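Student: If it helps, the file is called entry12.cif and holds mmCIF, C-alpha atoms:
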data_coords
#
loop_
_atom_site.group_PDB
_atom_site.id
_atom_site.type_symbol
_atom_site.label_atom_id
_atom_site.label_comp_id
_atom_site.auth_asym_id
_atom_site.auth_seq_id
_atom_site.Cartn_x
_atom_site.Cartn_y
_atom_site.Cartn_z
ATOM 1 C CA MET A 959 0.000 0.000 0.000
ATOM 2 C CA ASN A 960 1.338 3.449 -0.920
ATOM 3 C CA GLN A 961 1.520 5.884 1.962
ATOM 4 C CA SER A 962 -0.267 9.153 1.223
ATOM 5 C CA PHE A 963 1.951 11.213 3.528
ATOM 6 C CA GLY A 964 5.529 11.532 4.740
ATOM 7 C CA GLU A 965 7.053 13.011 7.852
ATOM 8 C CA LEU A 966 10.363 14.150 9.314
ATOM 9 C CA ASN A 967 10.982 15.946 12.605
ATOM 10 C CA ILE A 968 12.908 18.923 11.250
ATOM 11 C CA GLN A 969 13.877 20.133 14.729
ATOM 12 C CA ALA A 970 15.514 16.783 15.600
ATOM 13 C CA TYR A 971 17.234 16.237 12.231
ATOM 14 C CA THR A 972 21.025 15.926 12.163
ATOM 15 C CA PRO A 973 22.746 16.261 8.762
ATOM 16 C CA HIS A 974 24.688 13.266 7.439
ATOM 17 C CA HIS A 975 27.615 15.383 6.188
ATOM 18 C CA PRO A 976 28.087 18.253 8.654
ATOM 19 C CA GLU A 977 31.211 19.497 6.837
ATOM 20 C CA GLY A 978 29.314 20.555 3.694
ATOM 21 C CA VAL A 979 25.871 21.517 2.432
ATOM 22 C CA THR A 980 23.428 18.655 2.984
ATOM 23 C CA ARG A 981 20.151 18.285 1.089
ATOM 24 C CA THR A 982 17.546 15.840 2.388
ATOM 25 C CA ARG A 983 14.473 15.197 0.253
ATOM 26 C CA LEU A 984 11.283 15.679 2.246
ATOM 27 C CA PHE A 985 8.857 14.850 -0.560
ATOM 28 C CA ASP A 986 8.543 14.780 -4.330
ATOM 29 C CA HIS A 987 5.013 14.572 -5.694
ATOM 30 C CA GLU A 988 3.865 15.687 -9.125
ATOM 31 C CA GLU A 989 4.687 19.410 -9.508
ATOM 32 C CA LEU A 990 5.640 19.904 -5.851
ATOM 33 C CA ARG A 991 8.814 18.855 -4.042
ATOM 34 C CA ALA A 992 10.724 19.934 -0.946
ATOM 35 C CA GLU A 993 14.066 19.402 0.702
ATOM 36 C CA LEU A 994 15.709 20.290 3.974
ATOM 37 C CA VAL A 995 19.028 22.055 3.420
ATOM 38 C CA THR A 996 21.610 22.333 6.191
ATOM 39 C CA MET A 997 24.517 24.698 5.639
ATOM 40 C CA PRO A 998 27.525 24.759 7.989
ATOM 41 C CA PRO A 999 29.382 28.042 8.553
ATOM 42 C CA GLY A 1000 31.215 29.348 5.489
ATOM 43 C CA THR A 1001 29.186 27.369 2.921
ATOM 44 C CA GLU A 1002 27.075 28.628 0.059
ATOM 45 C CA ILE A 1003 24.824 27.629 -2.788
ATOM 46 C CA PRO A 1004 25.997 29.945 -5.591
ATOM 47 C CA VAL A 1005 23.567 32.188 -7.431
ATOM 48 C CA HIS A 1006 21.644 30.190 -10.033
ATOM 49 C CA VAL A 1007 18.291 30.216 -11.869
ATOM 50 C CA HIS A 1008 15.436 27.706 -12.194
ATOM 51 C CA GLN A 1009 13.581 28.620 -15.375
ATOM 52 C CA HIS A 1010 10.614 26.333 -14.719
ATOM 53 C CA ALA A 1011 10.182 26.258 -10.925
ATOM 54 C CA HIS A 1012 9.202 28.711 -8.216
ATOM 55 C CA GLU A 1013 10.995 28.272 -4.855
ATOM 56 C CA LEU A 1014 9.847 29.001 -1.342
ATOM 57 C CA PHE A 1015 12.559 29.315 1.320
ATOM 58 C CA ASP A 1016 11.511 28.772 4.965
ATOM 59 C CA VAL A 1017 14.275 29.375 7.506
ATOM 60 C CA ILE A 1018 14.060 26.801 10.295
ATOM 61 C CA ALA A 1019 17.156 27.515 12.393
ATOM 62 C CA GLY A 1020 20.309 29.614 12.326
ATOM 63 C CA GLN A 1021 20.929 32.607 10.129
ATOM 64 C CA GLY A 1022 22.328 33.337 6.677
ATOM 65 C CA GLN A 1023 21.897 35.397 3.542
ATOM 66 C CA ILE A 1024 19.274 34.705 0.884
ATOM 67 C CA VAL A 1025 20.414 36.455 -2.285
ATOM 68 C CA VAL A 1026 17.554 37.253 -4.682
ATOM 69 C CA ASP A 1027 18.117 39.136 -7.927
ATOM 70 C CA GLY A 1028 21.212 40.833 -6.462
ATOM 71 C CA GLN A 1029 19.530 41.814 -3.192
ATOM 72 C CA GLU A 1030 20.684 40.242 0.101
ATOM 73 C CA LEU A 1031 17.987 39.300 2.602
ATOM 74 C CA LEU A 1032 18.708 38.211 6.160
ATOM 75 C CA GLY A 1033 17.384 34.671 6.593
ATOM 76 C CA SER A 1034 16.567 34.043 10.257
ATOM 77 C CA PRO A 1035 14.041 31.615 11.837
ATOM 78 C CA GLY A 1036 10.520 32.316 10.652
ATOM 79 C CA LYS A 1037 11.649 34.146 7.488
ATOM 80 C CA CYS A 1038 9.839 32.979 4.357
ATOM 81 C CA VAL A 1039 10.959 34.127 0.889
ATOM 82 C CA LEU A 1040 9.269 33.315 -2.437
ATOM 83 C CA VAL A 1041 11.506 33.337 -5.520
ATOM 84 C CA LYS A 1042 9.654 33.218 -8.824
ATOM 85 C CA ALA A 1043 10.913 31.037 -11.666
ATOM 86 C CA GLY A 1044 13.599 32.712 -13.751
ATOM 87 C CA THR A 1045 14.926 34.849 -10.872
ATOM 88 C CA PRO A 1046 18.633 34.563 -9.935
ATOM 89 C CA HIS A 1047 19.083 33.461 -6.323
ATOM 90 C CA GLY A 1048 21.501 31.766 -3.933
ATOM 91 C CA LEU A 1049 22.193 31.060 -0.249
ATOM 92 C CA ARG A 1050 25.215 31.897 1.893
ATOM 93 C CA ASN A 1051 25.978 31.070 5.503
ATOM 94 C CA ASP A 1052 28.477 33.680 6.635
ATOM 95 C CA THR A 1053 27.891 33.020 10.362
ATOM 96 C CA ASP A 1054 29.537 30.626 12.825
ATOM 97 C CA GLN A 1055 26.334 28.541 13.287
ATOM 98 C CA LEU A 1056 24.605 25.812 11.277
ATOM 99 C CA TRP A 1057 21.813 27.213 9.062
ATOM 100 C CA THR A 1058 18.741 25.083 8.251
ATOM 101 C CA VAL A 1059 16.336 26.018 5.454
ATOM 102 C CA ARG A 1060 13.371 24.137 3.997
ATOM 103 C CA ILE A 1061 13.069 24.725 0.248
ATOM 104 C CA THR A 1062 9.802 23.934 -1.516
ATOM 105 C CA TYR A 1063 9.753 23.873 -5.324
ATOM 106 C CA GLN A 1064 6.657 24.175 -7.465
ATOM 107 C CA GLU A 1065 6.985 23.486 -11.170
ATOM 108 C CA ARG A 1066 5.409 26.110 -13.406
ATOM 109 C CA ILE A 1067 2.363 24.944 -15.309
ATOM 110 C CA TYR A 1068 2.287 25.839 -18.990
ATOM 111 C CA ALA A 1069 -0.715 25.618 -21.312
ATOM 112 C CA ARG A 1070 0.964 22.787 -23.239
ATOM 113 C CA GLN A 1071 1.034 20.712 -20.037
ATOM 114 C CA VAL A 1072 -2.694 20.899 -19.320
ATOM 115 C CA GLY A 1073 -3.458 17.825 -21.448
ATOM 116 C CA LYS A 1074 -0.847 15.807 -19.563
ATOM 117 C CA LEU A 1075 -2.267 16.939 -16.195
ATOM 118 C CA VAL A 1076 -5.842 16.111 -17.212
ATOM 119 C CA GLY A 1077 -4.710 12.688 -18.448
ATOM 120 C CA ARG A 1078 -2.974 11.972 -15.154
ATOM 121 C CA ALA A 1079 -6.082 13.058 -13.206
ATOM 122 C CA VAL A 1080 -8.278 10.728 -15.275
ATOM 123 C CA ARG A 1081 -5.865 7.797 -14.773
ATOM 124 C CA LYS A 1082 -5.866 8.460 -11.023
ATOM 125 C CA ARG A 1083 -9.663 8.611 -10.943
ATOM 126 C CA LEU A 1084 -9.804 5.263 -12.759
ATOM 127 C CA GLY A 1085 -7.305 3.770 -10.326
ATOM 128 C CA LEU A 1086 -4.662 3.208 -12.999
ATOM 129 C CA VAL A 1087 -1.969 5.165 -11.104
ATOM 130 C CA THR A 1088 -1.420 6.163 -7.479
#
Take the structure in this file and express it as structure tokens.
Tutor:
Amino acid sequence: MNQSFGELNIQAYTPHHPEGVTRTRLFDHEELRAELVTMPPGTEIPVHVHQHAHELFDVIAGQGQIVVDGQELLGSPGKCVLVKAGTPHGLRNDTDQLWTVRITYQERIYARQVGKLVGRAVRKRLGLVT
């Protein structure tokens, strides 16, 4: 039986590779996926662009810089930043503490994909896929 949910205690999570950036997949379902990113002091995810996915950054613990389109935002617990697809962005931990961020990605939906989405919905309704 396929489980319709997943869980991870983010507050109790310890990264597997504390010397570098660690990404742990939380879920990956259709157009939505998320990962928990832990960044030790002095690490960064260089500025990059996702042309076809929006990203939502939720700071869980620690502090660092969220760079969005050339602007630096302080990322501290409770901070939530939406980055639209096609926008340059990156992360940098320039503190002496571990920084933990949950990143949720949502794939952009284009008109040409509607047929594929409707087909998948019909197959699900008929019980052909889970």
Student: Can you spell out as a count of residues only the set of residues that the PyMOL selection byres ((chain A and resi 1066) around 6) selects in the structure I just provided?
Tutor: 4
Student: Within 12 Å of region 1031-1048 of chain A, counting all atoms listed in the file, which residues qualify if same-chain residues fewer than 2 places away don't, as number ranges by chain?
Tutor: A: 969, 1001-1029, 1050-1053, 1055-1067
Student: Could you jot down the CA of Arg1081 (chain A) to CA of Glu993 (chain A) separation for me, Å, one decimal place?
Tutor: 27.8 Å
Student: Interatomic distance between CA of Glu989 (chain A) and CA of Glu1030 (chain A)?
Tutor: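 Straight-line distance from CA of Glu989 (chain A) to CA of Glu1030 (chain A) works out to 28.0 Å.
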Student: Measure the distance from CA of Glu977 (chain A) to CA of Gly1000 (chain A) in Å and round it to one decimal.
Tutor: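 CA of Gly1000 (chain A) lies at a distance of 9.9 Å from CA of Glu977 (chain A).
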Student: Kindly compute an axis-aligned box around the listed atoms of region 1005-1022 of chain A, allowing 3 Å on each side, and express its centre and edge lengths in Å to one decimal as lines of an AutoDock Vina configuration file.
Tutor:
center_x = 16.4
center_y = 29.8
center_z = -1.5
size_x = 20.4
size_y = 13.1
size_z = 33.8
Student: Quick check on the file I pasted: which residues fall under the PyMOL selection byres ((chain A and resi 988) around 10)? Write them as a PyMOL selection string.
Tutor: chain A and resi 985-987+989-991+1064-1065+1075+1078
Student: Just the selected residues (C-alpha atoms), exported as an mmCIF file, keeping the file's coordinate frame, please.
Tutor:
data_model
loop_
_atom_site.group_PDB
_atom_site.id
_atom_site.type_symbol
_atom_site.label_atom_id
_atom_site.label_comp_id
_atom_site.auth_asym_id
_atom_site.auth_seq_id
_atom_site.Cartn_x
_atom_site.Cartn_y
_atom_site.Cartn_z
ATOM 1 C CA PHE A 985 8.857 14.850 -0.560
ATOM 2 C CA ASP A 986 8.543 14.780 -4.330
ATOM 3 C CA HIS A 987 5.013 14.572 -5.694
ATOM 4 C CA GLU A 989 4.687 19.410 -9.508
ATOM 5 C CA LEU A 990 5.640 19.904 -5.851
ATOM 6 C CA ARG A 991 8.814 18.855 -4.042
ATOM 7 C CA GLN A 1064 6.657 24.175 -7.465
ATOM 8 C CA GLU A 1065 6.985 23.486 -11.170
ATOM 9 C CA LEU A 1075 -2.267 16.939 -16.195
ATOM 10 C CA ARG A 1078 -2.974 11.972 -15.154
#
